[in-house]
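The structure appears below as structure tokens.
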Amino acid sequence: MARVVVDVMPKQEILDPQGQAVANALPRQGFEGISQVRQGKRFELEVADDVDDETLAKIAESFLANPVIEDWAVRRVES
């Protein structure tokens, strides 16, 4: 078995209200120096060793992310 991580983030040109809310709240909590926050999603998948990168890309693009407004990246990690 292999562990795969899929990171999904809003595209840079898409407004991120959740990220903005976090960025606005940080100074009120005493955390200074943070100018921007973008909030995304992380998926961890346990997959069979024979699942290829093309299949993982299709899963990310068609099921885990909305490619109109989100970018995604797939990477294999140590189990």
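Each chain of the structure tokens is named A, B, ... in the order shown, its residues numbered from 1; ligands are numbered from 1 in display order.
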
Legend entry - Polymer residues at most 8 Å from Arg38 (chain A), only C-alpha atoms, same-chain spacing of 6 or more positions, as an NGL selection string: :A and (9-10 or 16 or 18-20)

File of the preceding selection, all heavy atoms, as a PDB file, in the first residue's frame:
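Result saved to result_39.pdb:
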```
ATOM      1  N   MET A   9      -6.296  23.739  -3.226  1.00  0.00           N
ATOM      2  CA  MET A   9      -6.300  25.141  -2.808  1.00  0.00           C
ATOM      3  C   MET A   9      -7.105  25.981  -3.785  1.00  0.00           C
ATOM      4  O   MET A   9      -7.136  25.676  -4.983  1.00  0.00           O
ATOM      5  CB  MET A   9      -4.869  25.689  -2.775  1.00  0.00           C
ATOM      6  CG  MET A   9      -3.970  25.049  -1.746  1.00  0.00           C
ATOM      7  SD  MET A   9      -4.464  25.412  -0.050  1.00  0.00           S
ATOM      8  CE  MET A   9      -4.163  27.163   0.046  1.00  0.00           C
ATOM      9  N   PRO A  10      -7.742  27.047  -3.281  1.00  0.00           N
ATOM     10  CA  PRO A  10      -8.413  27.959  -4.215  1.00  0.00           C
ATOM     11  C   PRO A  10      -7.379  28.578  -5.159  1.00  0.00           C
ATOM     12  O   PRO A  10      -6.251  28.868  -4.747  1.00  0.00           O
ATOM     13  CB  PRO A  10      -9.012  29.046  -3.320  1.00  0.00           C
ATOM     14  CG  PRO A  10      -8.912  28.549  -1.927  1.00  0.00           C
ATOM     15  CD  PRO A  10      -7.865  27.488  -1.902  1.00  0.00           C
ATOM     16  N   ASP A  16     -10.973  34.146  -1.304  1.00  0.00           N
ATOM     17  CA  ASP A  16     -10.953  33.120  -0.265  1.00  0.00           C
ATOM     18  C   ASP A  16     -11.465  33.732   1.042  1.00  0.00           C
ATOM     19  O   ASP A  16     -10.680  34.166   1.892  1.00  0.00           O
ATOM     20  CB  ASP A  16      -9.534  32.573  -0.108  1.00  0.00           C
ATOM     21  CG  ASP A  16      -9.423  31.484   0.946  1.00  0.00           C
ATOM     22  OD1 ASP A  16     -10.461  31.046   1.473  1.00  0.00           O
ATOM     23  OD2 ASP A  16      -8.291  31.072   1.240  1.00  0.00           O
ATOM     24  N   GLN A  18     -12.753  32.428   3.745  1.00  0.00           N
ATOM     25  CA  GLN A  18     -12.320  31.738   4.965  1.00  0.00           C
ATOM     26  C   GLN A  18     -10.894  32.131   5.321  1.00  0.00           C
ATOM     27  O   GLN A  18     -10.578  32.378   6.488  1.00  0.00           O
ATOM     28  CB  GLN A  18     -12.427  30.230   4.797  1.00  0.00           C
ATOM     29  CG  GLN A  18     -13.867  29.755   4.724  1.00  0.00           C
ATOM     30  CD  GLN A  18     -13.947  28.275   4.396  1.00  0.00           C
ATOM     31  OE1 GLN A  18     -13.294  27.811   3.476  1.00  0.00           O
ATOM     32  NE2 GLN A  18     -14.750  27.557   5.157  1.00  0.00           N
ATOM     33  N   GLY A  19     -10.036  32.175   4.321  1.00  0.00           N
ATOM     34  CA  GLY A  19      -8.664  32.603   4.553  1.00  0.00           C
ATOM     35  C   GLY A  19      -8.598  34.042   5.035  1.00  0.00           C
ATOM     36  O   GLY A  19      -7.824  34.378   5.943  1.00  0.00           O
ATOM     37  N   GLN A  20      -9.426  34.908   4.465  1.00  0.00           N
ATOM     38  CA  GLN A  20      -9.454  36.310   4.892  1.00  0.00           C
ATOM     39  C   GLN A  20      -9.928  36.433   6.335  1.00  0.00           C
ATOM     40  O   GLN A  20      -9.399  37.243   7.101  1.00  0.00           O
ATOM     41  CB  GLN A  20     -10.359  37.126   3.975  1.00  0.00           C
ATOM     42  CG  GLN A  20      -9.756  37.380   2.617  1.00  0.00           C
ATOM     43  CD  GLN A  20     -10.686  38.197   1.716  1.00  0.00           C
ATOM     44  OE1 GLN A  20     -11.895  38.175   1.882  1.00  0.00           O
ATOM     45  NE2 GLN A  20     -10.093  38.896   0.765  1.00  0.00           N
TER      46      GLN A  20
END
```

Inset, instruction - Report the residues of chain A whose backbone DSSP state falls under helix (DSSP H, G or I), written as a ChimeraX atom specification. - result: /A:17-28,53-64

Inset, instruction - Would you please work out which residue, of A:Glu70, A:Val37, A:Val5, A:Glu54, is nearest to Asn24 (chain A) when using only C-alpha atoms? - result: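 So, comparing all the options, the nearest one is A:Val37.
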
Legend entry - Proximity to Ile69 (chain A) - best of A:Ala25, A:Ser35, A:Gly40, A:Asp50, only C-alpha atoms: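 Checking each of A:Ala25, A:Ser35, A:Gly40, A:Asp50 against Ile69 (chain A), counting only C-alpha atoms, the winner is A:Gly40.
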
Inset, instruction - May I ask which of the residues A:Leu26, A:Val6, A:Ile34, A:Ala21 is the closest one to Lys58 (chain A), counting only C-alpha atoms? - result: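 Of A:Leu26, A:Val6, A:Ile34, A:Ala21, the one nearest Lys58 (chain A), counting only C-alpha atoms, is A:Val6.
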
Inset, instruction - Kindly give the distance, in Å, that separates CA of Leu15 (chain A) and CA of Leu56 (chain A), rounded to a single decimal. - result: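 Computed distance, CA of Leu15 (chain A) to CA of Leu56 (chain A), equals 27.1 Å.
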
Legend entry - Å distance separating CA of Pro27 (chain A) from CA of Asp71 (chain A), one decimal place: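 Taking CA of Pro27 (chain A) and CA of Asp71 (chain A), their separation equals 28.1 Å.
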
Legend entry - Point-to-point distance from CA of Arg42 (chain A) to CA of Arg28 (chain A), Å rounded to tenths: 26.9 Å

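For the set A:Ala57, A:Pro67, A:Ile14, A:Ala23, the residue with the smallest atom-to-atom gap to Gln36 (chain A) is A:Ala23, counting only C-alpha atoms.
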
Inset, instruction - Choose the residue, out of A:Val68, A:Phe63, A:Lys11, A:Arg76, that has the smallest atom-to-atom separation from Ala48 (chain A); count only C-alpha atoms. - result: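 Distance minimum relative to Ala48 (chain A) lands on A:Arg76.
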